[in-house]
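Structure record follows, encoded as structure tokens.
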Amino acid sequence: MIRDSLAAALRAALIEAGIEPPAEIHLERPARRVHGDWSSNVAMATAKNNGRNPRDLAGELVATLNASPPPHVARVEIAGPGFVNFHLHGTWLYDVLGEIIDAGEDNYARLDIGHGQRVNVEFVSANPTGPLHAGGGRWAAFGDALCRILDRTGHVVHREYYLNDRGVQMTLFAASLAARQAGLDVPEGGYVGEYIKEWAAEMPPGADPAAWGYERAKTDLRESLAAVGVEFDTWFSEQSLAEGGAIDETLADLRAKKMAYDQDGAVWLRTTDFGDDKDRVLVKSDGEPTYLLPDIAYHRNKFARGFDLLIDIWGADHHGYVARLQAGVLALGHQPEELEIILGQLVVLVKDGQEVRLSKRAGELVLLEDLVDAVGADVARLTFLLQSLDTRQTIDLDLITTQSNENPVFYVQYANARIHSIARKAAAAGITRAPLAEVDLSQLVHDREFELLRKLSELPEVVAMACHDRAPHKVTTWVRELAERFHGFYHDCYVIGDVPPELTQARLWLVESAQIGLGIGLDLLGVSAPEAM
RNA sequence: GCCCUCGUAGCUCAGCGGAUAGAGCACCGGCCUCCGGAGCCGGUGGCGCAGGUUCGAGUCCUGCCGAGGGCGCCA
């Protein structure tokens with residue numbers, strides 16, 4: 001990798017200047033091309049501690065580097081307050097092309113960050129008391145994309161959905177179904193949504209509303225998620241946890257570790273030992289466990305199944321619950337880094353210019369299923385993956401449905417369609433690709449070609465960053481930028497047609513590398529790469 | 001009152017502590033005798049406010065203003 005060789009050269013130059021190199025030599029791609037292909041701030045970063053002037057030091061480094069330039073380096077320059085800028089020959093990008101082709105879609109930008117770490121990612125986990133609303137699609141799309149990124153970066157990933165199939169909400173759900181079936185109003189605090197009527201009508205006479213309703217809801221959830229391409233490895237039932245005695249075992253465990261105590265007829269967890277504001281109740285004075293205890297038991301179960309890292313993806317409305325669950329897991333003797341809770345801001349749905357309240361009980365529902373029916377899985381997924389989980393996402397249902405053609409997904413997929421169009425054109429013209437080793441890549445000298453390759457060269461870093469920051473939208477951004485570069489190339493650089501055969505050959509391989517990059521990016525997002533649109 | 005997230009162009013959003021802050025939509029103006037115009041090129045227009053740290057701050061810290069969410073023996 002060019003980055004490593006530049007860093008090594010800088011390290012050597014620093015030593016020659018009598019300065020101990022920092023552990024990390026920072027290299028970045030300047031925003032402006034006039035600043036070269038790669039740039040380093042080491043002179044500015046190390047000058048002060050060594051009693052040197054940044055520009056003087058940079059000048060010294062530049063002189064050393066220019067005296068015997070590293071591979072591909074045309075010249076090194078000092079710029080601004082002390083940047084060391086590397087201007088490279090296009091040959092470094094030909095190497096990138098070669099790397100991409102050698103690695104292929106399976107292996108380019110496949111990293112080993114995780115070293116086989118076993119990760120359980122739990123997401124969506126909406127209660128099995130009704131269909132999934134459209135906002136839930138954000139968790140589905142994000143969770144699945146994160147899993148794909150984790151998988152590509154050397155983690156062993158397990159997708160899990162937690163079903164809260166016991167407790168008061170299930171009782172109310174069952175009672176609501178039973179009431180509707182009997183033609184009565186739902187009980188106080190029950191579920192009044194239209195779907196309850198529909199489901200009640202489906203329910204066979206004599207069926208147990210709780211058991212039947214649970215299965216009905218689970219099926220609905222599974223199908224809605226499958227429609228956006230999300231499938232779980234495990235659907236974990238809270239009820240099964242209780243029946244297996246895990247809740248009692250967990251409580252006994254916490255008591256044995258002196259982390260639980262009795263007071264006022266209730267059982268408390270010492271969450272304050274782990275930074276919580278106050279201790280929390282595990283078992284209420286009426287003998288019923290709170291939500292917390294089964295949840296701790298559930299996480300205990302996940303660890304028992306051999307996972308090294310648990311990732312929970314929650315809506316920001318559960319923020320207040322983070323500290324106590326973390327405390328519960330620590331109380332069991334686990335380390336803080338074994339449980340990672342990712343909070344995401346909630347989705348705001350807008351219809352007819354009005355915010356749609358999302359509540360299963362209140363009734364007004366916009367279903368994920370309806371959204372997918374209206375715009376398709378690709379548009380839905382990419383829409384959810386356009387922005388950071390830290391921002392409150394507003395989805396205007398009228399906009400997304402009527403103007404779905406303007407969704408960035410089409411821009412990206414169109415690039416892929418053009419790639420395949422070129423392939424079809426080549427096939428029709430009887431042009432076949434010569435082996436890469438026999439092709440003269442130095443034919444590629446157009447800015448559009450270089451810009452495309454530069455963008456492709458970033459993918460491994462983008463994947464690493466998306467993994468590190470748990471930020472799939474960084475892949476989305478990259479894919480859009482890659483498509484932009486490709487469209488520019490496509491517009492200005494004909495592959496088939498009035499160009500010399502050697503250039504056609506080189507460009508065919510460039511197109512191939514673009515297809516590989518695009519394919520990887522779209523796959524990480526779970527968006528399809530159609531050959532024609 | 002305390003805690004979390006956010007505040008960037010008219011709108012929706014990107015932006016690993018780096019150099020002259022970018023896209024899409026909207027608006028204005030260009031580009032098809034040639035691989036798909038769902039495209040390309042150009043223009044208008046912006047970091048909530050005030051301090052601080054730093055060689056350098058949209059990015060880090062503090063305060064203020066504004067938006068959303070959270071602070072139960074609810075789930």
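Ligands are numbered from 1 in the order shown, chains are lettered A, B, ... in the order of the structure tokens, and residues start at 1 in each chain.
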
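Residues in contact range of range 37-48 of chain B, defined as at most 8 Å between only C-alpha atoms (C1' of nucleotides), with sequence neighbours fewer than 4 positions away removed, read Asn405, Phe410, Tyr411, Tyr414, His487, Gly488 and His491 of chain A; G7, U8, A9, A21, C28, G29, G30, C31, C32, G58, C65 and G66 of chain B.
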
*Return as a count of residues only the full set of residues in range 295-452 of chain A whose backbone-based DSSP assignment is alpha helix (DSSP H).*
72

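Near range 260-263 of chain A, within 10 Å and counting only C-alpha atoms (C1' of nucleotides), sit Leu251, Ala252, Asp253, Leu254, Leu269, Arg270, Thr271, Asp279, Arg280, Val281, Leu282, Val283, Ser285, Gly328 and Ala331 of chain A; same-chain residues fewer than 6 positions away were not included.
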
Export, as a compact mmCIF listing (two decimals), in the first residue's frame, the selected residues with C-alpha atoms.
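Just written: out-v6.txt:
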```
# COMPACT_ATOMS: atom_id res chain seq x y z
CA LEU A 251 -31.22 -13.12 40.29
CA ALA A 252 -29.44 -15.79 42.32
CA ASP A 253 -26.25 -14.89 40.54
CA LEU A 254 -26.61 -11.23 41.39
CA LEU A 269 -29.70 -3.88 42.00
CA ARG A 270 -26.71 -1.84 43.08
CA THR A 271 -26.50 0.10 39.84
CA ASP A 279 -30.29 1.79 42.52
CA ARG A 280 -32.95 0.10 40.43
CA VAL A 281 -35.64 -2.40 41.23
CA LEU A 282 -35.23 -5.91 39.87
CA VAL A 283 -38.30 -7.48 41.49
CA SER A 285 -42.86 -5.79 45.95
CA GLY A 328 -26.52 -5.10 35.29
CA ALA A 331 -22.65 -6.62 38.04
```

Can you check which residues of chain B have any atom within 12 Å of chain A? Use only C-alpha atoms (C1' of nucleotides) and format it as a short mmCIF file (atom, residue, chain, number, x, y, z; two decimals) with N, CA, C and O atoms (P, O5', C5', C4', C3', O3' and C1' of nucleotides), in the first residue's frame.
```
data_model
loop_
_atom_site.label_atom_id
_atom_site.label_comp_id
_atom_site.auth_asym_id
_atom_site.auth_seq_id
_atom_site.Cartn_x
_atom_site.Cartn_y
_atom_site.Cartn_z
P C B 2 -29.28 22.04 35.61
"O5'" C B 2 -29.10 20.45 35.53
"C5'" C B 2 -28.39 19.77 36.56
"C4'" C B 2 -28.55 18.29 36.37
"C3'" C B 2 -28.14 17.75 35.01
"O3'" C B 2 -26.74 17.57 34.90
"C1'" C B 2 -30.23 16.85 35.59
P C B 3 -26.04 17.70 33.47
"O5'" C B 3 -26.46 16.35 32.73
"C5'" C B 3 -25.99 15.10 33.21
"C4'" C B 3 -26.58 13.98 32.37
"C3'" C B 3 -26.40 14.13 30.87
"O3'" C B 3 -25.12 13.73 30.43
"C1'" C B 3 -28.63 13.53 31.33
P C B 4 -24.50 14.38 29.11
"O5'" C B 4 -25.31 13.63 27.95
"C5'" C B 4 -25.17 12.23 27.77
"C4'" C B 4 -26.05 11.77 26.64
"C3'" C B 4 -25.90 12.56 25.34
"O3'" C B 4 -24.78 12.12 24.59
"C1'" C B 4 -28.19 12.30 25.82
P U B 5 -24.03 13.16 23.62
"O5'" U B 5 -25.07 13.29 22.42
"C5'" U B 5 -25.33 12.19 21.56
"C4'" U B 5 -26.40 12.54 20.57
"C3'" U B 5 -26.16 13.82 19.79
"O3'" U B 5 -25.26 13.63 18.71
"C1'" U B 5 -28.38 13.81 20.56
P C B 6 -24.36 14.84 18.20
"O5'" C B 6 -25.43 15.76 17.45
"C5'" C B 6 -26.06 15.31 16.28
"C4'" C B 6 -27.22 16.20 15.94
"C3'" C B 6 -26.89 17.65 15.61
"O3'" C B 6 -26.42 17.79 14.29
"C1'" C B 6 -28.74 17.60 17.06
P G B 7 -25.43 19.01 13.95
"O5'" G B 7 -26.40 20.25 13.92
"C5'" G B 7 -27.53 20.26 13.04
"C4'" G B 7 -28.29 21.55 13.20
"C3'" G B 7 -27.52 22.79 12.80
"O3'" G B 7 -28.39 23.72 12.17
"C1'" G B 7 -28.21 22.97 15.06
P C B 11 -34.13 26.40 5.06
"O5'" C B 11 -34.68 25.14 4.26
"C5'" C B 11 -36.06 24.81 4.28
"C4'" C B 11 -36.26 23.47 3.59
"C3'" C B 11 -35.43 22.33 4.16
"O3'" C B 11 -36.07 21.71 5.26
"C1'" C B 11 -35.18 22.40 1.81
P U B 12 -35.15 20.94 6.34
"O5'" U B 12 -34.61 19.68 5.53
"C5'" U B 12 -35.51 18.65 5.13
"C4'" U B 12 -34.73 17.52 4.52
"C3'" U B 12 -33.52 17.07 5.34
"O3'" U B 12 -33.89 16.20 6.39
"C1'" U B 12 -32.90 17.29 3.07
P C B 13 -32.85 16.00 7.64
"O5'" C B 13 -31.61 15.30 6.93
"C5'" C B 13 -30.30 15.53 7.35
"C4'" C B 13 -29.37 15.07 6.27
"C3'" C B 13 -27.90 14.99 6.64
"O3'" C B 13 -27.63 13.77 7.29
"C1'" C B 13 -28.13 16.06 4.55
P A B 14 -26.25 13.58 8.14
"O5'" A B 14 -25.23 13.28 6.97
"C5'" A B 14 -24.04 14.01 6.90
"C4'" A B 14 -23.24 13.55 5.73
"C3'" A B 14 -21.74 13.68 5.97
"O3'" A B 14 -21.21 12.50 6.52
"C1'" A B 14 -22.31 14.87 4.03
P G B 15 -20.49 12.58 7.95
"O5'" G B 15 -19.24 13.52 7.66
"C5'" G B 15 -18.27 13.14 6.69
"C4'" G B 15 -17.43 14.33 6.31
"C3'" G B 15 -16.75 15.06 7.47
"O3'" G B 15 -15.54 14.42 7.82
"C1'" G B 15 -17.82 16.64 6.08
P C B 16 -15.11 14.39 9.39
"O5'" C B 16 -14.01 13.27 9.54
"C5'" C B 16 -14.33 12.07 10.23
"C4'" C B 16 -13.06 11.44 10.74
"C3'" C B 16 -12.02 12.40 11.31
"O3'" C B 16 -12.26 12.52 12.72
"C1'" C B 16 -11.01 10.89 9.75
P G B 17 -11.59 13.49 13.72
"O5'" G B 17 -11.28 14.97 13.29
"C5'" G B 17 -10.68 15.82 14.22
"C4'" G B 17 -10.16 17.03 13.53
"C3'" G B 17 -8.92 16.79 12.67
"O3'" G B 17 -8.89 17.76 11.63
"C1'" G B 17 -8.43 18.35 14.32
P G B 18 -9.21 17.37 10.14
"O5'" G B 18 -9.31 18.85 9.58
"C5'" G B 18 -9.00 19.06 8.22
"C4'" G B 18 -8.18 20.31 8.09
"C3'" G B 18 -7.50 20.39 6.72
"O3'" G B 18 -7.50 21.73 6.31
"C1'" G B 18 -5.88 20.50 8.43
P A B 19 -8.88 22.19 5.55
"O5'" A B 19 -8.29 23.52 4.92
"C5'" A B 19 -7.68 24.50 5.74
"C4'" A B 19 -6.66 25.26 4.92
"C3'" A B 19 -7.14 25.59 3.52
"O3'" A B 19 -6.60 26.84 3.14
"C1'" A B 19 -5.19 24.27 3.40
P U B 20 -7.49 28.17 3.46
"O5'" U B 20 -8.72 28.10 2.46
"C5'" U B 20 -9.74 29.10 2.53
"C4'" U B 20 -10.75 28.88 1.43
"C3'" U B 20 -11.31 27.45 1.34
"O3'" U B 20 -12.67 27.52 0.92
"C1'" U B 20 -10.31 28.05 -0.69
P A B 21 -13.81 27.47 2.01
"O5'" A B 21 -14.48 26.05 1.73
"C5'" A B 21 -13.79 24.84 2.00
"C4'" A B 21 -14.76 23.78 2.45
"C3'" A B 21 -15.99 23.64 1.56
"O3'" A B 21 -15.72 22.73 0.52
"C1'" A B 21 -16.64 23.75 3.83
P G B 22 -15.45 23.23 -0.91
"O5'" G B 22 -15.98 22.04 -1.81
"C5'" G B 22 -17.34 21.97 -2.13
"C4'" G B 22 -17.82 20.59 -1.82
"C3'" G B 22 -19.10 20.23 -2.54
"O3'" G B 22 -18.77 19.76 -3.84
"C1'" G B 22 -19.29 19.67 -0.26
P A B 23 -19.80 20.00 -5.00
"O5'" A B 23 -20.61 18.66 -4.85
"C5'" A B 23 -21.94 18.62 -4.90
"C4'" A B 23 -22.46 17.28 -4.47
"C3'" A B 23 -23.93 17.18 -4.81
"O3'" A B 23 -24.07 16.66 -6.12
"C1'" A B 23 -23.64 16.74 -2.51
P G B 24 -25.05 17.43 -7.11
"O5'" G B 24 -26.47 16.90 -6.63
"C5'" G B 24 -26.74 15.51 -6.59
"C4'" G B 24 -27.98 15.25 -5.79
"C3'" G B 24 -29.16 16.15 -6.14
"O3'" G B 24 -29.85 15.68 -7.27
"C1'" G B 24 -28.90 16.09 -3.80
P C B 25 -30.50 16.70 -8.26
"O5'" C B 25 -31.71 17.29 -7.42
"C5'" C B 25 -32.78 16.44 -7.01
"C4'" C B 25 -33.71 17.18 -6.09
"C3'" C B 25 -34.22 18.52 -6.61
"O3'" C B 25 -35.31 18.35 -7.49
"C1'" C B 25 -33.50 18.78 -4.38
P C B 31 -26.21 24.51 -25.66
"O5'" C B 31 -25.46 23.12 -25.41
"C5'" C B 31 -24.04 23.08 -25.37
"C4'" C B 31 -23.57 21.71 -24.97
"C3'" C B 31 -24.28 20.55 -25.65
"O3'" C B 31 -23.74 20.33 -26.95
"C1'" C B 31 -24.03 20.10 -23.34
P C B 32 -24.72 19.96 -28.10
"O5'" C B 32 -24.99 18.43 -27.80
"C5'" C B 32 -25.71 17.67 -28.74
"C4'" C B 32 -25.43 16.21 -28.54
"C3'" C B 32 -26.00 15.34 -29.62
"O3'" C B 32 -25.05 15.20 -30.66
"C1'" C B 32 -26.48 14.45 -27.48
P C B 34 -25.32 10.50 -31.82
"O5'" C B 34 -23.98 9.68 -31.64
"C5'" C B 34 -23.83 8.40 -32.26
"C4'" C B 34 -22.62 7.71 -31.68
"C3'" C B 34 -22.63 7.60 -30.16
"O3'" C B 34 -23.35 6.45 -29.75
"C1'" C B 34 -20.53 8.41 -30.90
P C B 35 -23.97 6.42 -28.30
"O5'" C B 35 -22.92 5.57 -27.50
"C5'" C B 35 -22.57 4.24 -27.95
"C4'" C B 35 -22.23 3.36 -26.80
"C3'" C B 35 -23.17 3.41 -25.59
"O3'" C B 35 -24.30 2.60 -25.82
"C1'" C B 35 -20.87 3.23 -24.93
P G B 36 -25.31 2.31 -24.51
"O5'" G B 36 -25.71 3.76 -23.97
"C5'" G B 36 -26.49 4.61 -24.74
"C4'" G B 36 -27.49 5.30 -23.84
"C3'" G B 36 -26.86 6.08 -22.70
"O3'" G B 36 -27.62 7.27 -22.49
"C1'" G B 36 -28.35 4.49 -21.82
P G B 37 -26.91 8.74 -22.43
"O5'" G B 37 -27.94 9.68 -21.71
"C5'" G B 37 -28.23 9.52 -20.32
"C4'" G B 37 -29.30 10.51 -19.93
"C3'" G B 37 -30.55 10.43 -20.78
"O3'" G B 37 -31.68 10.75 -20.00
"C1'" G B 37 -29.61 12.57 -20.96
P A B 38 -32.41 9.54 -19.17
"O5'" A B 38 -31.86 9.76 -17.69
"C5'" A B 38 -32.25 10.91 -16.95
"C4'" A B 38 -32.18 10.58 -15.48
"C3'" A B 38 -30.80 10.13 -15.03
"O3'" A B 38 -30.61 10.50 -13.66
"C1'" A B 38 -32.33 8.39 -14.67
P G B 39 -29.70 11.81 -13.34
"O5'" G B 39 -28.46 11.66 -14.32
"C5'" G B 39 -27.48 10.65 -14.10
"C4'" G B 39 -26.42 10.76 -15.16
"C3'" G B 39 -25.61 12.05 -15.12
"O3'" G B 39 -24.55 11.95 -14.18
"C1'" G B 39 -26.34 11.67 -17.33
P C B 40 -23.99 13.26 -13.45
"O5'" C B 40 -23.22 13.98 -14.62
"C5'" C B 40 -22.04 13.40 -15.18
"C4'" C B 40 -21.50 14.31 -16.24
"C3'" C B 40 -21.21 15.73 -15.78
"O3'" C B 40 -19.94 15.81 -15.14
"C1'" C B 40 -22.41 15.81 -17.79
P C B 41 -19.74 16.89 -13.96
"O5'" C B 41 -19.71 18.25 -14.76
"C5'" C B 41 -18.66 18.53 -15.66
"C4'" C B 41 -18.86 19.87 -16.30
"C3'" C B 41 -19.11 21.03 -15.33
"O3'" C B 41 -17.92 21.50 -14.74
"C1'" C B 41 -20.63 21.16 -17.13
P U B 54 -3.06 26.24 24.14
"O5'" U B 54 -3.06 25.61 22.68
"C5'" U B 54 -2.81 24.22 22.51
"C4'" U B 54 -2.98 23.83 21.06
"C3'" U B 54 -2.24 24.72 20.07
"O3'" U B 54 -0.87 24.36 19.96
"C1'" U B 54 -4.46 24.36 19.32
P C B 55 0.23 25.53 19.86
"O5'" C B 55 0.04 26.10 18.39
"C5'" C B 55 0.65 27.33 18.02
"C4'" C B 55 0.51 27.52 16.54
"C3'" C B 55 -0.90 27.35 16.00
"O3'" C B 55 -1.65 28.55 16.12
"C1'" C B 55 0.58 26.10 14.67
P G B 56 -3.15 28.47 16.69
"O5'" G B 56 -3.91 27.73 15.51
"C5'" G B 56 -4.11 28.41 14.26
"C4'" G B 56 -4.70 27.46 13.26
"C3'" G B 56 -6.02 26.81 13.65
"O3'" G B 56 -7.11 27.68 13.39
"C1'" G B 56 -4.57 25.18 12.75
P A B 67 -37.48 25.53 21.26
"O5'" A B 67 -37.08 24.27 20.36
"C5'" A B 67 -37.49 24.21 18.99
"C4'" A B 67 -37.03 22.92 18.37
"C3'" A B 67 -37.40 21.65 19.12
"O3'" A B 67 -38.74 21.24 18.89
"C1'" A B 67 -35.13 21.54 18.49
P G B 68 -39.50 20.41 20.04
"O5'" G B 68 -38.80 18.98 20.01
"C5'" G B 68 -39.00 18.13 18.90
"C4'" G B 68 -38.11 16.92 19.01
"C3'" G B 68 -38.28 16.08 20.27
"O3'" G B 68 -39.42 15.24 20.24
"C1'" G B 68 -35.98 16.37 19.82
P G B 69 -40.09 14.80 21.64
"O5'" G B 69 -39.03 13.81 22.29
"C5'" G B 69 -38.78 12.56 21.70
"C4'" G B 69 -37.60 11.90 22.36
"C3'" G B 69 -37.73 11.60 23.84
"O3'" G B 69 -38.52 10.46 24.11
"C1'" G B 69 -35.60 12.51 23.42
P G B 70 -39.29 10.37 25.51
"O5'" G B 70 -38.12 10.12 26.56
"C5'" G B 70 -37.32 8.96 26.45
"C4'" G B 70 -36.20 9.02 27.45
"C3'" G B 70 -36.60 9.14 28.91
"O3'" G B 70 -37.00 7.89 29.43
"C1'" G B 70 -34.83 10.62 28.47
P C B 71 -37.82 7.84 30.80
"O5'" C B 71 -36.64 7.88 31.86
"C5'" C B 71 -36.94 8.08 33.23
"C4'" C B 71 -35.78 8.75 33.91
"C3'" C B 71 -36.17 9.44 35.21
"O3'" C B 71 -36.15 8.51 36.29
"C1'" C B 71 -34.90 10.93 33.88
P G B 72 -37.50 8.16 37.02
"O5'" G B 72 -37.05 6.71 37.53
"C5'" G B 72 -37.71 5.57 37.28
"C4'" G B 72 -38.80 5.28 38.29
"C3'" G B 72 -39.12 3.80 38.27
"O3'" G B 72 -39.34 3.27 39.55
"C1'" G B 72 -40.99 5.09 37.52
P C B 73 -39.12 3.22 40.80
"O5'" C B 73 -39.73 1.77 41.03
"C5'" C B 73 -39.43 0.74 40.14
"C4'" C B 73 -40.48 -0.33 40.27
"C3'" C B 73 -41.90 0.20 40.20
"O3'" C B 73 -42.71 -0.79 39.58
"C1'" C B 73 -41.55 -0.87 42.27
P C B 74 -43.92 -0.38 38.63
"O5'" C B 74 -43.29 0.42 37.40
"C5'" C B 74 -42.79 -0.25 36.29
"C4'" C B 74 -43.79 -0.17 35.16
"C3'" C B 74 -43.39 -0.97 33.94
"O3'" C B 74 -43.79 -2.32 34.10
"C1'" C B 74 -44.09 1.20 33.30
P A B 75 -42.71 -3.45 33.81
"O5'" A B 75 -42.68 -3.50 32.22
"C5'" A B 75 -43.86 -3.81 31.48
"C4'" A B 75 -43.65 -3.38 30.07
"C3'" A B 75 -42.39 -3.92 29.41
"O3'" A B 75 -42.58 -5.21 28.86
"C1'" A B 75 -42.50 -1.59 29.07
#
```

_Using DSSP secondary structure from the backbone, list all strand (DSSP E or B) positions within range 262-420 of chain A, as a ChimeraX atom specification._
/A:262-263,266-269,280-283,289,309-315,339-344,347-351,354-356,367,393-396

Okay, now the selection with N, CA, C and O atoms, as a compact mmCIF listing (two decimals), in the first residue's frame?
```txt
# COMPACT_ATOMS: atom_id res chain seq x y z
N ASP A 262 -32.47 -6.72 49.33
CA ASP A 262 -33.90 -6.51 49.57
C ASP A 262 -34.13 -5.23 50.35
O ASP A 262 -33.38 -4.91 51.27
N GLN A 263 -35.17 -4.52 49.95
CA GLN A 263 -35.57 -3.33 50.69
C GLN A 263 -36.99 -2.96 50.31
O GLN A 263 -37.37 -3.00 49.14
N ALA A 266 -39.02 -5.09 47.99
CA ALA A 266 -38.58 -5.28 46.60
C ALA A 266 -37.12 -5.72 46.60
O ALA A 266 -36.43 -5.64 47.61
N VAL A 267 -36.67 -6.21 45.42
CA VAL A 267 -35.27 -6.57 45.27
C VAL A 267 -34.60 -5.53 44.38
O VAL A 267 -35.11 -5.19 43.32
N TRP A 268 -33.48 -5.01 44.88
CA TRP A 268 -32.79 -3.91 44.18
C TRP A 268 -31.43 -4.33 43.66
O TRP A 268 -30.76 -5.17 44.24
N LEU A 269 -31.03 -3.68 42.56
CA LEU A 269 -29.70 -3.88 42.00
C LEU A 269 -28.84 -2.67 42.32
O LEU A 269 -29.28 -1.53 42.18
N ARG A 280 -31.73 0.40 41.18
CA ARG A 280 -32.95 0.10 40.43
C ARG A 280 -33.59 -1.19 40.91
O ARG A 280 -32.91 -2.12 41.33
N VAL A 281 -34.89 -1.24 40.78
CA VAL A 281 -35.64 -2.40 41.23
C VAL A 281 -35.56 -3.54 40.22
O VAL A 281 -35.74 -3.33 39.02
N LEU A 282 -35.26 -4.72 40.72
CA LEU A 282 -35.23 -5.91 39.87
C LEU A 282 -36.56 -6.67 39.98
O LEU A 282 -37.10 -7.14 38.98
N VAL A 283 -37.03 -6.80 41.24
CA VAL A 283 -38.30 -7.48 41.49
C VAL A 283 -39.17 -6.57 42.33
O VAL A 283 -38.75 -6.12 43.40
N PRO A 289 -41.04 -9.42 38.35
CA PRO A 289 -39.80 -8.76 37.95
C PRO A 289 -40.10 -7.52 37.11
O PRO A 289 -41.11 -7.46 36.42
N LEU A 309 -18.77 -10.01 22.00
CA LEU A 309 -19.25 -8.63 22.03
C LEU A 309 -20.75 -8.61 21.75
O LEU A 309 -21.22 -9.25 20.81
N LEU A 310 -21.47 -7.87 22.58
CA LEU A 310 -22.90 -7.69 22.35
C LEU A 310 -23.14 -6.26 21.90
O LEU A 310 -22.67 -5.32 22.55
N ILE A 311 -23.83 -6.11 20.79
CA ILE A 311 -24.20 -4.77 20.34
C ILE A 311 -25.72 -4.69 20.37
O ILE A 311 -26.40 -5.54 19.78
N ASP A 312 -26.24 -3.69 21.07
CA ASP A 312 -27.68 -3.45 21.08
C ASP A 312 -27.92 -2.14 20.34
O ASP A 312 -27.23 -1.15 20.60
N ILE A 313 -28.89 -2.14 19.46
CA ILE A 313 -29.23 -0.92 18.75
C ILE A 313 -30.61 -0.48 19.22
O ILE A 313 -31.60 -1.18 19.02
N TRP A 314 -30.64 0.66 19.87
CA TRP A 314 -31.89 1.15 20.47
C TRP A 314 -32.26 2.53 19.96
O TRP A 314 -31.40 3.31 19.56
N GLY A 315 -33.52 2.84 20.10
CA GLY A 315 -33.97 4.20 19.82
C GLY A 315 -33.59 5.10 20.98
O GLY A 315 -33.44 4.63 22.11
N LEU A 339 -20.20 -4.90 26.07
CA LEU A 339 -21.56 -4.51 25.70
C LEU A 339 -21.53 -3.11 25.13
O LEU A 339 -21.04 -2.18 25.76
N GLU A 340 -22.03 -3.00 23.93
CA GLU A 340 -22.03 -1.71 23.25
C GLU A 340 -23.47 -1.38 22.90
O GLU A 340 -24.14 -2.15 22.22
N ILE A 341 -23.94 -0.26 23.39
CA ILE A 341 -25.31 0.13 23.10
C ILE A 341 -25.29 1.33 22.17
O ILE A 341 -24.75 2.38 22.50
N ILE A 342 -25.84 1.14 20.99
CA ILE A 342 -25.88 2.21 20.00
C ILE A 342 -27.26 2.84 20.03
O ILE A 342 -28.26 2.15 19.87
N LEU A 343 -27.28 4.13 20.28
CA LEU A 343 -28.56 4.84 20.30
C LEU A 343 -28.76 5.59 19.00
O LEU A 343 -27.84 6.21 18.48
N GLY A 344 -29.95 5.52 18.48
CA GLY A 344 -30.25 6.25 17.26
C GLY A 344 -31.44 7.16 17.47
O GLY A 344 -32.37 6.81 18.19
N VAL A 347 -37.12 8.34 13.91
CA VAL A 347 -37.55 8.82 12.59
C VAL A 347 -38.84 9.63 12.74
O VAL A 347 -39.73 9.26 13.50
N VAL A 348 -38.88 10.72 12.04
CA VAL A 348 -40.11 11.51 11.99
C VAL A 348 -40.73 11.29 10.62
O VAL A 348 -40.09 11.50 9.59
N LEU A 349 -41.96 10.83 10.61
CA LEU A 349 -42.64 10.63 9.34
C LEU A 349 -43.58 11.80 9.09
O LEU A 349 -44.32 12.22 9.99
N VAL A 350 -43.52 12.32 7.88
CA VAL A 350 -44.37 13.45 7.54
C VAL A 350 -45.28 13.04 6.39
O VAL A 350 -44.84 12.47 5.40
N LYS A 351 -46.57 13.32 6.57
CA LYS A 351 -47.55 12.99 5.54
C LYS A 351 -48.50 14.19 5.42
O LYS A 351 -48.97 14.70 6.43
N GLN A 354 -47.86 17.01 7.63
CA GLN A 354 -48.06 16.85 9.07
C GLN A 354 -47.22 15.70 9.61
O GLN A 354 -47.07 14.68 8.95
N GLU A 355 -46.71 15.90 10.81
CA GLU A 355 -45.97 14.83 11.45
C GLU A 355 -46.94 13.72 11.85
O GLU A 355 -48.00 13.98 12.41
N VAL A 356 -46.57 12.47 11.52
CA VAL A 356 -47.42 11.34 11.87
C VAL A 356 -46.94 10.75 13.18
O VAL A 356 -45.79 10.34 13.30
N LEU A 367 -47.05 1.72 8.01
CA LEU A 367 -46.30 0.48 8.13
C LEU A 367 -45.07 0.44 7.23
O LEU A 367 -45.06 0.99 6.14
N GLN A 393 -34.09 11.76 11.74
CA GLN A 393 -34.36 11.63 10.31
C GLN A 393 -35.82 11.94 10.00
O GLN A 393 -36.72 11.36 10.59
N THR A 394 -36.01 12.85 9.08
CA THR A 394 -37.36 13.19 8.66
C THR A 394 -37.62 12.56 7.31
O THR A 394 -36.89 12.78 6.36
N ILE A 395 -38.65 11.75 7.24
CA ILE A 395 -39.02 11.14 5.96
C ILE A 395 -40.39 11.66 5.55
O ILE A 395 -41.38 11.41 6.23
N ASP A 396 -40.38 12.39 4.47
CA ASP A 396 -41.63 12.91 3.93
C ASP A 396 -42.20 11.84 3.00
O ASP A 396 -41.69 11.60 1.92
```

*Å distance separating CA of His420 in chain A from CA of Gly90 in chain A, one decimal place*: 26.2 Å

*Non-local contacts of range 57-73 of chain A (8 Å; only C-alpha atoms (C1' of nucleotides); under 2 positions in same chain excluded) as a PyMOL selection string*: chain A and resi 5-6+9-10+13-14+17+43-44+47+52-55+75-78+82-84+86-92

*Mind giving me the straight-line distance from CA of Ala74 in chain A to CA of Trp38 in chain A in Å, one decimal?*
11.7 Å

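Comparing A:Glu449, A:Asp523, A:Glu223, A:Glu337 by their smallest distance to Tyr94 in chain A, the closest is A:Glu449 (using only C-alpha atoms).
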